[in-house]
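To be precise, the following lines are structure-v1.tsv, and they hold TSV, C-alpha atoms.
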```tsv
chain	number	residue	atom	x	y	z
A	1	MET	CA	-91.61	-111.65	-15.70
A	2	ASP	CA	-91.77	-112.64	-12.03
A	3	ASP	CA	-92.06	-116.39	-11.81
A	4	ALA	CA	-90.60	-117.04	-8.38
A	5	LEU	CA	-90.93	-120.35	-6.58
A	6	VAL	CA	-92.72	-119.57	-3.32
A	7	ILE	CA	-92.45	-122.06	-0.45
A	8	ALA	CA	-94.02	-121.16	2.90
A	9	GLY	CA	-94.05	-117.52	1.86
A	10	LYS	CA	-90.36	-117.44	0.96
A	11	ARG	CA	-89.44	-116.56	-2.64
A	12	PHE	CA	-86.74	-118.28	-4.65
A	13	GLY	CA	-85.43	-117.19	-8.05
A	14	SER	CA	-84.55	-120.75	-9.08
A	15	ARG	CA	-86.75	-123.82	-9.28
A	16	LEU	CA	-83.82	-126.20	-8.95
A	17	LEU	CA	-82.92	-127.64	-5.55
A	18	ILE	CA	-79.54	-129.32	-5.36
A	19	GLY	CA	-77.71	-131.70	-3.04
A	20	THR	CA	-74.23	-131.72	-1.54
A	21	GLY	CA	-73.36	-135.43	-1.70
A	22	LYS	CA	-71.12	-137.60	-3.88
A	23	TYR	CA	-69.21	-134.81	-5.67
A	24	PRO	CA	-65.61	-135.54	-6.68
A	25	SER	CA	-64.51	-132.68	-4.37
A	26	HIS	CA	-65.84	-129.74	-2.38
A	27	GLU	CA	-64.41	-127.41	-5.05
A	28	VAL	CA	-66.39	-129.14	-7.79
A	29	MET	CA	-69.52	-129.05	-5.62
A	30	LYS	CA	-69.19	-125.30	-5.15
A	31	ARG	CA	-68.78	-124.73	-8.89
A	32	CYS	CA	-71.80	-126.97	-9.58
A	33	HIS	CA	-73.92	-125.00	-7.14
A	34	GLU	CA	-72.94	-121.79	-8.92
A	35	ALA	CA	-73.62	-123.24	-12.39
A	36	SER	CA	-76.99	-124.64	-11.30
A	37	GLY	CA	-78.32	-121.27	-10.18
A	38	SER	CA	-79.98	-123.12	-7.30
A	39	GLU	CA	-80.89	-121.22	-4.15
A	40	ILE	CA	-81.76	-124.22	-1.97
A	41	VAL	CA	-79.21	-126.89	-1.01
A	42	THR	CA	-79.83	-130.09	0.89
A	43	VAL	CA	-77.37	-131.27	3.50
A	44	ALA	CA	-77.27	-134.36	5.72
A	45	VAL	CA	-76.87	-134.49	9.51
A	46	ARG	CA	-74.30	-136.98	10.77
A	47	ARG	CA	-72.17	-137.78	13.78
A	48	LEU	CA	-69.02	-135.68	13.90
A	49	ASP	CA	-65.99	-137.78	13.01
A	50	LEU	CA	-64.03	-137.58	16.27
A	51	ASN	CA	-60.83	-138.65	14.56
A	52	ALA	CA	-60.86	-136.12	11.71
A	53	LYS	CA	-59.66	-133.09	13.66
A	54	GLY	CA	-59.76	-129.70	12.01
A	55	GLU	CA	-61.33	-130.77	8.74
A	56	ALA	CA	-62.99	-127.76	7.12
A	57	SER	CA	-66.73	-127.97	7.52
A	58	LEU	CA	-69.08	-128.50	4.60
A	59	LEU	CA	-70.57	-125.05	5.20
A	60	HIS	CA	-67.22	-123.52	4.26
A	61	TRP	CA	-68.08	-124.57	0.69
A	62	ILE	CA	-71.65	-123.32	0.61
A	63	ASP	CA	-72.52	-119.68	-0.04
A	64	THR	CA	-75.14	-119.34	2.68
A	65	THR	CA	-75.70	-115.68	1.82
A	66	ARG	CA	-77.23	-116.83	-1.46
A	67	MET	CA	-78.48	-120.32	-0.62
A	68	THR	CA	-81.01	-121.64	1.88
A	69	LEU	CA	-79.91	-124.79	3.70
A	70	LEU	CA	-82.36	-127.65	3.70
A	71	PRO	CA	-81.16	-130.30	6.15
A	72	ASN	CA	-82.47	-133.76	5.33
A	73	THR	CA	-83.29	-136.84	7.34
A	74	ALA	CA	-81.72	-139.12	4.74
A	75	LEU	CA	-81.53	-142.79	5.71
A	76	CYS	CA	-83.90	-142.48	8.66
A	77	TYR	CA	-86.22	-145.48	8.81
A	78	THR	CA	-88.65	-144.41	11.54
A	79	ALA	CA	-90.62	-141.25	12.28
A	80	ASP	CA	-88.85	-140.98	15.66
A	81	GLU	CA	-85.36	-141.02	14.11
A	82	ALA	CA	-86.42	-138.43	11.54
A	83	VAL	CA	-87.93	-136.10	14.15
A	84	ARG	CA	-84.82	-136.39	16.30
A	85	THR	CA	-82.63	-135.57	13.30
A	86	CYS	CA	-84.74	-132.51	12.50
A	87	ARG	CA	-84.42	-131.21	16.06
A	88	LEU	CA	-80.63	-131.53	15.83
A	89	ALA	CA	-80.66	-129.91	12.38
A	90	ALA	CA	-82.57	-126.93	13.75
A	91	GLU	CA	-79.82	-126.35	16.32
A	92	LEU	CA	-77.18	-126.72	13.63
A	93	GLY	CA	-78.69	-124.59	10.93
A	94	MET	CA	-80.57	-121.96	12.91
A	95	SER	CA	-83.60	-122.55	10.72
A	96	ARG	CA	-86.55	-124.89	10.95
A	97	TRP	CA	-86.72	-125.86	7.28
A	98	VAL	CA	-86.25	-129.60	6.75
A	99	LYS	CA	-86.41	-132.14	3.98
A	100	LEU	CA	-88.26	-135.00	5.66
A	101	GLU	CA	-87.34	-138.42	4.42
A	102	VAL	CA	-88.37	-141.67	6.11
A	103	LEU	CA	-87.35	-144.71	4.13
A	104	GLY	CA	-89.07	-148.06	4.13
A	105	ASP	CA	-86.56	-150.31	2.43
A	106	GLU	CA	-82.78	-150.33	2.00
A	107	ARG	CA	-82.82	-151.72	-1.51
A	108	THR	CA	-85.36	-149.50	-3.25
A	109	LEU	CA	-85.01	-146.54	-0.85
A	110	PHE	CA	-88.72	-146.04	-1.33
A	111	PRO	CA	-90.37	-143.92	1.36
A	112	ASP	CA	-92.37	-145.37	4.24
A	113	VAL	CA	-95.30	-143.05	3.70
A	114	GLU	CA	-97.08	-143.99	6.94
A	115	GLN	CA	-94.03	-143.02	9.01
A	116	THR	CA	-93.49	-139.95	6.82
A	117	VAL	CA	-97.00	-138.63	7.49
A	118	ALA	CA	-96.62	-139.32	11.23
A	119	ALA	CA	-93.29	-137.48	11.37
A	120	ALA	CA	-94.70	-134.58	9.33
A	121	ARG	CA	-97.55	-134.10	11.81
A	122	THR	CA	-95.13	-133.95	14.76
A	123	LEU	CA	-92.71	-131.60	13.01
A	124	VAL	CA	-95.41	-129.18	11.84
A	125	LYS	CA	-96.66	-129.00	15.45
A	126	GLU	CA	-93.11	-128.13	16.52
A	127	GLY	CA	-92.99	-125.25	14.06
A	128	PHE	CA	-90.91	-126.85	11.32
A	129	THR	CA	-91.33	-126.01	7.65
A	130	VAL	CA	-91.56	-129.53	6.26
A	131	LEU	CA	-90.75	-130.57	2.70
A	132	PRO	CA	-91.37	-134.32	2.58
A	133	TYR	CA	-89.95	-136.85	0.15
A	134	THR	CA	-92.81	-139.16	-0.80
A	135	SER	CA	-94.02	-141.74	-3.29
A	136	ASP	CA	-95.77	-140.71	-6.52
A	137	ASP	CA	-99.13	-141.41	-4.87
A	138	PRO	CA	-101.68	-138.55	-4.94
A	139	ILE	CA	-103.47	-139.77	-1.80
A	140	THR	CA	-100.31	-139.63	0.28
A	141	ALA	CA	-99.50	-136.23	-1.20
A	142	ARG	CA	-102.86	-134.95	-0.03
A	143	LYS	CA	-102.33	-136.39	3.47
A	144	LEU	CA	-98.99	-134.61	3.68
A	145	GLU	CA	-100.57	-131.35	2.59
A	146	ASP	CA	-103.34	-131.84	5.17
A	147	ALA	CA	-100.63	-132.45	7.80
A	148	GLY	CA	-99.37	-128.94	7.10
A	149	CYS	CA	-96.35	-129.64	4.88
A	150	ALA	CA	-95.04	-126.63	2.93
A	151	ALA	CA	-94.55	-128.69	-0.26
A	152	VAL	CA	-94.74	-132.30	-1.39
A	153	MET	CA	-91.79	-133.99	-3.07
A	154	PRO	CA	-92.74	-137.13	-4.98
A	155	LEU	CA	-90.00	-139.32	-6.38
A	156	ALA	CA	-89.45	-139.63	-10.13
A	157	ALA	CA	-87.77	-143.01	-9.61
A	158	PRO	CA	-85.67	-144.61	-6.83
A	159	ILE	CA	-83.07	-142.29	-5.24
A	160	GLY	CA	-79.86	-142.23	-7.26
A	161	SER	CA	-81.28	-144.50	-9.99
A	162	GLY	CA	-81.27	-141.94	-12.81
A	163	LEU	CA	-84.30	-143.68	-14.34
A	164	GLY	CA	-86.26	-140.47	-14.90
A	165	ILE	CA	-89.97	-139.93	-14.38
A	166	ARG	CA	-91.47	-143.42	-14.32
A	167	ASN	CA	-95.05	-142.31	-13.84
A	168	PRO	CA	-95.72	-138.89	-15.35
A	169	HIS	CA	-99.45	-139.47	-15.06
A	170	ASN	CA	-99.27	-139.74	-11.26
A	171	ILE	CA	-97.03	-136.70	-11.00
A	172	ARG	CA	-99.63	-134.73	-12.93
A	173	LEU	CA	-102.40	-136.04	-10.66
A	174	ILE	CA	-100.42	-134.91	-7.62
A	175	ARG	CA	-100.06	-131.47	-9.19
A	176	ASP	CA	-103.85	-131.43	-9.58
A	177	VAL	CA	-104.80	-132.58	-6.05
A	178	VAL	CA	-102.55	-130.41	-3.87
A	179	LYS	CA	-102.18	-126.65	-3.65
A	180	VAL	CA	-98.69	-126.55	-2.11
A	181	PRO	CA	-95.64	-126.65	-4.42
A	182	VAL	CA	-94.86	-130.04	-5.99
A	183	ILE	CA	-91.15	-130.71	-6.27
A	184	VAL	CA	-89.95	-133.85	-8.02
A	185	ASP	CA	-87.31	-135.34	-5.74
A	186	ALA	CA	-85.00	-138.18	-6.65
A	187	GLY	CA	-84.49	-140.40	-9.66
A	188	VAL	CA	-83.78	-137.92	-12.44
A	189	GLY	CA	-80.86	-138.82	-14.65
A	190	THR	CA	-80.42	-136.05	-17.16
A	191	ALA	CA	-81.71	-132.69	-18.37
A	192	SER	CA	-84.70	-134.05	-20.31
A	193	ASP	CA	-86.05	-135.70	-17.13
A	194	VAL	CA	-85.99	-132.31	-15.43
A	195	ALA	CA	-87.66	-130.61	-18.41
A	196	ILE	CA	-90.44	-133.24	-18.38
A	197	ALA	CA	-91.08	-132.65	-14.66
A	198	MET	CA	-91.41	-128.94	-15.30
A	199	GLU	CA	-93.59	-129.45	-18.40
A	200	LEU	CA	-95.95	-131.55	-16.26
A	201	GLY	CA	-96.49	-128.44	-14.16
A	202	CYS	CA	-94.25	-129.25	-11.22
A	203	ASP	CA	-92.93	-126.29	-9.27
A	204	GLY	CA	-89.37	-127.51	-8.99
A	205	VAL	CA	-86.93	-130.42	-9.07
A	206	LEU	CA	-84.54	-131.61	-6.37
A	207	LEU	CA	-81.54	-133.60	-7.57
A	208	ASN	CA	-78.05	-134.59	-6.54
A	209	THR	CA	-76.53	-137.68	-8.14
A	210	ALA	CA	-77.49	-136.69	-11.70
A	211	VAL	CA	-75.08	-133.76	-11.37
A	212	ALA	CA	-72.51	-135.08	-8.89
A	213	GLY	CA	-72.10	-138.35	-10.78
A	214	ALA	CA	-71.96	-136.89	-14.31
A	215	LYS	CA	-68.68	-137.10	-16.25
A	216	ASP	CA	-68.55	-133.30	-16.19
A	217	PRO	CA	-70.60	-132.29	-13.14
A	218	VAL	CA	-70.30	-128.52	-13.65
A	219	ARG	CA	-71.52	-128.75	-17.23
A	220	MET	CA	-74.41	-131.01	-16.13
A	221	ALA	CA	-75.34	-128.51	-13.41
A	222	HIS	CA	-75.60	-125.86	-16.13
A	223	ALA	CA	-77.67	-128.23	-18.30
A	224	MET	CA	-80.08	-128.77	-15.39
A	225	LYS	CA	-80.48	-125.03	-14.97
A	226	LEU	CA	-81.38	-124.69	-18.66
A	227	ALA	CA	-83.75	-127.67	-18.45
A	228	ILE	CA	-85.60	-126.13	-15.51
A	229	GLU	CA	-85.98	-122.88	-17.42
A	230	ALA	CA	-86.98	-124.53	-20.73
A	231	GLY	CA	-89.46	-126.90	-19.10
A	232	ARG	CA	-91.03	-124.18	-17.01
A	233	ALA	CA	-91.34	-121.83	-20.01
A	234	ALA	CA	-92.91	-124.61	-22.11
A	235	PHE	CA	-95.42	-125.35	-19.34
A	236	LEU	CA	-96.39	-121.69	-19.02
A	237	ALA	CA	-96.55	-121.31	-22.82
A	238	GLY	CA	-98.96	-124.26	-23.12
A	239	ARG	CA	-98.07	-127.09	-25.46
A	240	ILE	CA	-100.09	-128.00	-28.56
A	241	PRO	CA	-102.47	-130.95	-28.32
A	242	ARG	CA	-101.11	-134.29	-29.50
A	243	LYS	CA	-102.61	-135.50	-32.82
A	244	ALA	CA	-102.52	-138.94	-34.36
A	245	TYR	CA	-101.91	-137.72	-37.93
A	246	GLY	CA	-99.84	-135.12	-39.76
A	247	SER	CA	-100.96	-131.51	-40.04
A	248	ALA	CA	-98.86	-129.27	-42.33
A	249	SER	CA	-97.82	-125.87	-41.06
A	250	SER	CA	-97.31	-124.48	-44.60
A	251	PRO	CA	-100.29	-123.29	-46.71
A	252	LEU	CA	-102.00	-125.90	-48.87
A	253	GLU	CA	-102.88	-123.26	-51.51
A	254	GLY	CA	-100.56	-121.79	-54.15
A	255	LEU	CA	-98.35	-124.81	-54.72
A	256	VAL	CA	-96.39	-124.58	-58.03
A	257	ASP	CA	-97.48	-127.04	-60.69
B	1	MET	CA	-64.84	-139.06	34.21
B	2	THR	CA	-66.05	-141.28	31.40
B	3	LEU	CA	-68.40	-140.06	28.65
B	4	THR	CA	-69.86	-141.85	25.68
B	5	ILE	CA	-69.45	-139.57	22.67
B	6	ASN	CA	-70.94	-140.75	19.37
B	7	GLY	CA	-70.86	-144.29	20.66
B	8	GLU	CA	-67.17	-144.12	21.75
B	9	ARG	CA	-66.19	-144.19	25.43
B	10	ARG	CA	-63.80	-141.37	26.28
B	11	GLN	CA	-61.97	-140.27	29.42
B	12	VAL	CA	-62.13	-136.52	29.99
B	13	ALA	CA	-61.38	-134.13	32.87
B	14	ASP	CA	-64.07	-133.75	35.52
B	15	GLY	CA	-66.41	-130.78	35.41
B	16	LEU	CA	-66.21	-129.93	31.71
B	17	THR	CA	-69.00	-127.93	30.12
B	18	VAL	CA	-70.41	-129.02	26.78
B	19	ALA	CA	-68.80	-125.99	25.09
B	20	THR	CA	-65.36	-126.85	26.50
B	21	LEU	CA	-65.69	-130.46	25.44
B	22	VAL	CA	-66.62	-129.40	21.89
B	23	THR	CA	-63.54	-127.17	21.76
B	24	GLN	CA	-61.35	-130.02	23.02
B	25	LEU	CA	-62.71	-132.30	20.29
B	26	GLY	CA	-61.04	-129.95	17.80
B	27	VAL	CA	-64.24	-129.01	16.05
B	28	ARG	CA	-64.16	-126.35	13.39
B	29	GLY	CA	-67.56	-124.94	12.63
B	30	ARG	CA	-70.91	-125.53	14.14
B	31	VAL	CA	-72.14	-128.68	15.88
B	32	ALA	CA	-75.37	-129.69	17.53
B	33	VAL	CA	-75.34	-131.77	20.70
B	34	GLU	CA	-77.79	-134.24	22.14
B	35	LEU	CA	-77.17	-135.03	25.81
B	36	ASN	CA	-78.73	-138.23	27.15
B	37	GLY	CA	-81.34	-138.10	24.39
B	38	GLU	CA	-82.26	-134.40	24.74
B	39	VAL	CA	-81.20	-131.87	22.10
B	40	LEU	CA	-79.37	-128.90	23.67
B	41	ARG	CA	-79.85	-125.37	22.43
B	42	GLN	CA	-76.62	-123.65	21.34
B	43	ALA	CA	-76.98	-121.21	24.26
B	44	GLN	CA	-76.91	-124.14	26.70
B	45	HIS	CA	-73.48	-125.40	25.55
B	46	PRO	CA	-71.46	-123.11	27.88
B	47	GLU	CA	-73.93	-123.61	30.76
B	48	VAL	CA	-74.34	-127.37	30.96
B	49	THR	CA	-71.73	-129.22	33.03
B	50	LEU	CA	-71.16	-132.84	32.08
B	51	ARG	CA	-71.33	-135.69	34.55
B	52	ASP	CA	-69.67	-139.09	34.68
B	53	GLY	CA	-71.56	-141.57	32.51
B	54	ASP	CA	-73.23	-138.95	30.27
B	55	SER	CA	-73.93	-139.97	26.71
B	56	LEU	CA	-73.60	-137.42	23.93
B	57	GLU	CA	-74.31	-137.28	20.24
B	58	VAL	CA	-72.31	-134.57	18.49
B	59	VAL	CA	-73.47	-133.97	14.93
B	60	THR	CA	-72.64	-131.70	12.05
B	61	PHE	CA	-73.72	-131.10	8.45
B	62	VAL	CA	-72.19	-133.38	5.84
B	63	GLY	CA	-72.75	-133.72	2.10
B	64	GLY	CA	-75.97	-135.40	1.08
B	65	GLY	CA	-78.94	-135.11	-1.20
B	66	ALA	CA	-81.37	-137.87	-0.41
```
Encoded form (structure tokens):
Amino acid sequence: MDDALVIAGKRFGSRLLIGTGKYPSHEVMKRCHEASGSEIVTVAVRRLDLNAKGEASLLHWIDTTRMTLLPNTALCYTADEAVRTCRLAAELGMSRWVKLEVLGDERTLFPDVEQTVAAARTLVKEGFTVLPYTSDDPITARKLEDAGCAAVMPLAAPIGSGLGIRNPHNIRLIRDVVKVPVIVDAGVGTASDVAIAMELGCDGVLLNTAVAGAKDPVRMAHAMKLAIEAGRAAFLAGRIPRKAYGSASSPLEGLVD
Amino acid sequence: MTLTINGERRQVADGLTVATLVTQLGVRGRVAVELNGEVLRQAQHPEVTLRDGDSLEVVTFVGGGA
């Protein structure tokens, strides 16, 4: 059964998007990427460390034949900074796919949605394929879609918090109001959070810390892969309605006296 | 001549191109360069000659999720 994730016309066999930060080592990261089955990896753009000569580059540890790089604008606080970062990323990665992220506050790491929408408009005009991190607000999601974004990526909870999906109702509303893929980005803590996102009808989940920070990151990466598959299958299968009272699944007739 | 590279002032030989400077920095792998606020295309690196007082940002991919 073909159930590919399609973003901007490009097909992906996995609905899990994974990060490259905070792993115990590059080796562990590479094994996590393999175990996750993910085909999209996020990377950050930073100043080259002028004093760390000859250090093997991050890309050495990423199988770019199998995985699409998604440079992010992590920790940008204005639209201008984010746009500038994307332009640099395009020269680095030879692609114009970006994860747009414009933050509004250092403590919560919540997005500044006004700046995010402004940056998205500029980047779309410049030919970027924009996947924006956003709040779990359906109105903002619609504005981002109208701006020409290729997907919308509402947060489950604050970045790195592991709190899981705090507002499943809003995530479902977002799924209803936009046509582009909805990818839950940030805040998931464990496999069940991922399964819930997929059961709500989301098209994918982007995560990093939940795997990189787990006691056994490679095993957690595998768990996330299974959760994506289980949640997606359950969504497609269609769950039973919730009922307030019991309803036996065995026949009521023919009971022995 | 003096350049500002990633916020650090550095003395380098006169007349370097961007590509030569990048090699001298000991970079392994790909970098992107912004010169005086303008992003350079990779093809420009061997063509652009640096001038005294230029300010550069040299960036690369590092690990990160969000």
Check your understanding: Hey, what's within 7 Å of region 183-191 of chain A if we count all atoms listed in the file and toss same-chain stuff fewer than 2 positions away? As a PyMOL selection string, please?
Key -> chain A and resi 133+152-165+181+193-195+197+202-207+210+223-224+227
Exercise for review: List every protein, DNA or RNA residue that has at least one atom no more than 8 Å from (-66.4, -131.6, 35.8) in the file's coordinates, counting all atoms listed in the file, and write the result as a list in words.
Suggested key: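 Using all atoms listed in the file, the matching residues come out as Met1, Ala13, Asp14, Gly15, Leu16, Thr17, Thr49, Leu50 and Arg51 of chain B.
With all atoms listed in the file as the basis for measurement, A:Gly127 is the residue among A:Gly238, A:Pro168, A:Gly201, A:Gly127 that approaches Ala150 (chain A) most closely.
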**Study point:** Pick from A:Gln115, A:Ser247, A:Ser57, A:Thr108 nearest to Gly29 (chain B), counting only C-alpha atoms
**Key:**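 Closest residue, counting only C-alpha atoms: A:Ser57.
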Once you count all atoms listed in the file, what closest atom pair and distance in Å to one decimal does each residue of chain A within 9 Å of chain B have, with rows by chain and rising residue number, as a Markdown table?
```
| residue | atom | partner | partner_atom | distance |
| --- | --- | --- | --- | --- |
| A:Ile18 | CA | B:Gly65 | CA | 7.2 |
| A:Gly19 | CA | B:Gly65 | CA | 4.1 |
| A:Thr20 | CA | B:Gly63 | CA | 4.4 |
| A:Gly21 | CA | B:Gly64 | CA | 3.8 |
| A:Lys22 | CA | B:Gly64 | CA | 7.3 |
| A:Tyr23 | CA | B:Gly63 | CA | 8.6 |
| A:Val41 | CA | B:Gly65 | CA | 8.2 |
| A:Thr42 | CA | B:Gly65 | CA | 5.5 |
| A:Val43 | CA | B:Gly64 | CA | 5.0 |
| A:Ala44 | CA | B:Gly64 | CA | 4.9 |
| A:Val45 | CA | B:Phe61 | CA | 4.7 |
| A:Arg46 | CA | B:Val59 | CA | 5.2 |
| A:Arg47 | CA | B:Val59 | CA | 4.2 |
| A:Leu48 | CA | B:Val59 | CA | 4.9 |
| A:Asp49 | CA | B:Asn6 | CA | 8.6 |
| A:Leu50 | CA | B:Leu25 | CA | 6.8 |
| A:Asn51 | CA | B:Leu25 | CA | 8.8 |
| A:Ala52 | CA | B:Gly26 | CA | 8.7 |
| A:Lys53 | CA | B:Gly26 | CA | 5.4 |
| A:Gly54 | CA | B:Arg28 | CA | 5.7 |
| A:Glu55 | CA | B:Arg28 | CA | 7.0 |
| A:Ala56 | CA | B:Arg28 | CA | 6.5 |
| A:Ser57 | CA | B:Gly29 | CA | 6.0 |
| A:Leu58 | CA | B:Val62 | CA | 5.9 |
| A:Leu59 | CA | B:Phe61 | CA | 7.6 |
| A:His60 | CA | B:Gly29 | CA | 8.5 |
| A:Pro71 | CA | B:Phe61 | CA | 7.8 |
| A:Asn72 | CA | B:Ala66 | CA | 7.1 |
| A:Thr73 | CA | B:Ala66 | CA | 8.1 |
| A:Ala74 | CA | B:Ala66 | CA | 5.3 |
| A:Leu75 | CA | B:Ala66 | CA | 7.9 |
| A:Arg84 | CA | B:Val39 | CA | 8.2 |
| A:Arg87 | CA | B:Val39 | CA | 6.9 |
| A:Leu88 | CA | B:Ala32 | CA | 5.8 |
| A:Ala89 | CA | B:Ala32 | CA | 7.4 |
| A:Ala90 | CA | B:Ala32 | CA | 8.6 |
| A:Glu91 | CA | B:Ala32 | CA | 5.7 |
| A:Leu92 | CA | B:Ala32 | CA | 5.2 |
| A:Gly93 | CA | B:Arg30 | CA | 8.5 |
| A:Lys99 | CA | B:Ala66 | CA | 8.8 |
| A:Glu101 | CA | B:Ala66 | CA | 7.7 |
| A:Tyr133 | CA | B:Ala66 | CA | 8.7 |
| A:Ile159 | CA | B:Ala66 | CA | 6.8 |
| A:Gly160 | CA | B:Ala66 | CA | 8.3 |
| A:Asp185 | CA | B:Ala66 | CA | 8.4 |
| A:Ala186 | CA | B:Ala66 | CA | 7.2 |
| A:Leu206 | CA | B:Gly65 | CA | 8.4 |
| A:Leu207 | CA | B:Gly65 | CA | 7.0 |
| A:Asn208 | CA | B:Gly65 | CA | 5.4 |
| A:Thr209 | CA | B:Gly65 | CA | 7.8 |
```
Resulting file, chosen residues, C-alpha atoms, as a short mmCIF file (atom, residue, chain, number, x, y, z; two decimals), in the frame of the given file:
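Final file, selection_7.cif:
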```
data_model
loop_
_atom_site.label_atom_id
_atom_site.label_comp_id
_atom_site.auth_asym_id
_atom_site.auth_seq_id
_atom_site.Cartn_x
_atom_site.Cartn_y
_atom_site.Cartn_z
CA ILE A 18 -79.54 -129.32 -5.36
CA GLY A 19 -77.71 -131.70 -3.04
CA THR A 20 -74.23 -131.72 -1.54
CA GLY A 21 -73.36 -135.43 -1.70
CA LYS A 22 -71.12 -137.60 -3.88
CA TYR A 23 -69.21 -134.81 -5.67
CA VAL A 41 -79.21 -126.89 -1.01
CA THR A 42 -79.83 -130.09 0.89
CA VAL A 43 -77.37 -131.27 3.50
CA ALA A 44 -77.27 -134.36 5.72
CA VAL A 45 -76.87 -134.49 9.51
CA ARG A 46 -74.30 -136.98 10.77
CA ARG A 47 -72.17 -137.78 13.78
CA LEU A 48 -69.02 -135.68 13.90
CA ASP A 49 -65.99 -137.78 13.01
CA LEU A 50 -64.03 -137.58 16.27
CA ASN A 51 -60.83 -138.65 14.56
CA ALA A 52 -60.86 -136.12 11.71
CA LYS A 53 -59.66 -133.09 13.66
CA GLY A 54 -59.76 -129.70 12.01
CA GLU A 55 -61.33 -130.77 8.74
CA ALA A 56 -62.99 -127.76 7.12
CA SER A 57 -66.73 -127.97 7.52
CA LEU A 58 -69.08 -128.50 4.60
CA LEU A 59 -70.57 -125.05 5.20
CA HIS A 60 -67.22 -123.52 4.26
CA PRO A 71 -81.16 -130.30 6.15
CA ASN A 72 -82.47 -133.76 5.33
CA THR A 73 -83.29 -136.84 7.34
CA ALA A 74 -81.72 -139.12 4.74
CA LEU A 75 -81.53 -142.79 5.71
CA ARG A 84 -84.82 -136.39 16.30
CA ARG A 87 -84.42 -131.21 16.06
CA LEU A 88 -80.63 -131.53 15.83
CA ALA A 89 -80.66 -129.91 12.38
CA ALA A 90 -82.57 -126.93 13.75
CA GLU A 91 -79.82 -126.35 16.32
CA LEU A 92 -77.18 -126.72 13.63
CA GLY A 93 -78.69 -124.59 10.93
CA LYS A 99 -86.41 -132.14 3.98
CA GLU A 101 -87.34 -138.42 4.42
CA TYR A 133 -89.95 -136.85 0.15
CA ILE A 159 -83.07 -142.29 -5.24
CA GLY A 160 -79.86 -142.23 -7.26
CA ASP A 185 -87.31 -135.34 -5.74
CA ALA A 186 -85.00 -138.18 -6.65
CA LEU A 206 -84.54 -131.61 -6.37
CA LEU A 207 -81.54 -133.60 -7.57
CA ASN A 208 -78.05 -134.59 -6.54
CA THR A 209 -76.53 -137.68 -8.14
#
```
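All polymer residues at most 9 Å from (-69.8, -125.5, 28.1), using only C-alpha atoms, appear as Leu16, Thr17, Val18, Ala19, Thr20, Leu21, Val22, Gln44, His45, Pro46, Glu47, Val48, Thr49 and Leu50 of chain B.
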Exercise for review: Skip Gln11 (chain B) itself and residues of its chain fewer than 5 positions away, then list as a PyMOL selection string all residues within 10 Å of it, counting all atoms listed in the file.
Suggested key: chain B and resi 1-4+52
Practice item. Go ahead and compute the interatomic distance for CA of Leu17 (chain A) and CA of Leu144 (chain A), in Å to one decimal. Key: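 Value for the CA of Leu17 (chain A)-CA of Leu144 (chain A) distance: 19.8 Å.
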Point to revise | Coordinates-based distance that separates CA of Ser36 (chain A) from CA of Ile228 (chain A) (Å, one decimal) | key: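 Interatomic distance here is 9.7 Å.
Going from CA of Arg15 (chain A) over to CA of Glu34 (chain A), you cover 14.0 Å.
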Exercise for review: Tell me which protein, DNA and RNA residues are within 8 Å of region 138-143 of chain A, counting all atoms listed in the file, leaving out same-chain ones fewer than 5 positions away, and put them as a list in words.
Suggested key: Val113, Val117, Val152, Pro154, Asn170, Ile171, Leu173, Ile174, Val177 and Val178 of chain A
Please, what is the axis-aligned box for every listed atom of region 101-114 of chain A with 4 Å on each side, as centre and edge lengths in Å to one decimal, as AutoDock Vina command-line options?
```
--center_x -89.9 --center_y -145.1 --center_z 1.8 --size_x 22.3 --size_y 21.3 --size_z 18.2
```
Surrounding residues of Lys225 (chain A) excluding itself and chain neighbours under 4 positions, 9 Å, all atoms listed in the file, as a PDB file with C-alpha atoms, in the coordinates of the input:
```pdb
ATOM      1  CA  SER A  14     -84.550-120.750  -9.080  1.00  0.00           C
ATOM      2  CA  ARG A  15     -86.750-123.820  -9.280  1.00  0.00           C
ATOM      3  CA  LEU A  16     -83.820-126.200  -8.950  1.00  0.00           C
ATOM      4  CA  ALA A  35     -73.620-123.240 -12.390  1.00  0.00           C
ATOM      5  CA  SER A  36     -76.990-124.640 -11.300  1.00  0.00           C
ATOM      6  CA  GLY A  37     -78.320-121.270 -10.180  1.00  0.00           C
ATOM      7  CA  SER A  38     -79.980-123.120  -7.300  1.00  0.00           C
ATOM      8  CA  ALA A 191     -81.710-132.690 -18.370  1.00  0.00           C
ATOM      9  CA  MET A 220     -74.410-131.010 -16.130  1.00  0.00           C
ATOM     10  CA  ALA A 221     -75.340-128.510 -13.410  1.00  0.00           C
ATOM     11  CA  GLU A 229     -85.980-122.880 -17.420  1.00  0.00           C
ATOM     12  CA  ALA A 230     -86.980-124.530 -20.730  1.00  0.00           C
TER      13      ALA A 230
END
```
Nearby residues (only C-alpha atoms) at most 8 Å from Ala82 (chain A), same-chain spacing under 2 positions excluded, as a JSON list (two decimals) with C-alpha atoms, in the coordinates of the input:
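Final output, saved to around30.json:
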```json
[["chain", "number", "residue", "atom", "x", "y", "z"],
["A", 73, "THR", "CA", -83.29, -136.84, 7.34],
["A", 76, "CYS", "CA", -83.90, -142.48, 8.66],
["A", 77, "TYR", "CA", -86.22, -145.48, 8.81],
["A", 78, "THR", "CA", -88.65, -144.41, 11.54],
["A", 79, "ALA", "CA", -90.62, -141.25, 12.28],
["A", 80, "ASP", "CA", -88.85, -140.98, 15.66],
["A", 84, "ARG", "CA", -84.82, -136.39, 16.30],
["A", 85, "THR", "CA", -82.63, -135.57, 13.30],
["A", 86, "CYS", "CA", -84.74, -132.51, 12.50],
["A", 100, "LEU", "CA", -88.26, -135.00, 5.66],
["A", 101, "GLU", "CA", -87.34, -138.42, 4.42],
["A", 102, "VAL", "CA", -88.37, -141.67, 6.11],
["A", 119, "ALA", "CA", -93.29, -137.48, 11.37]]
```
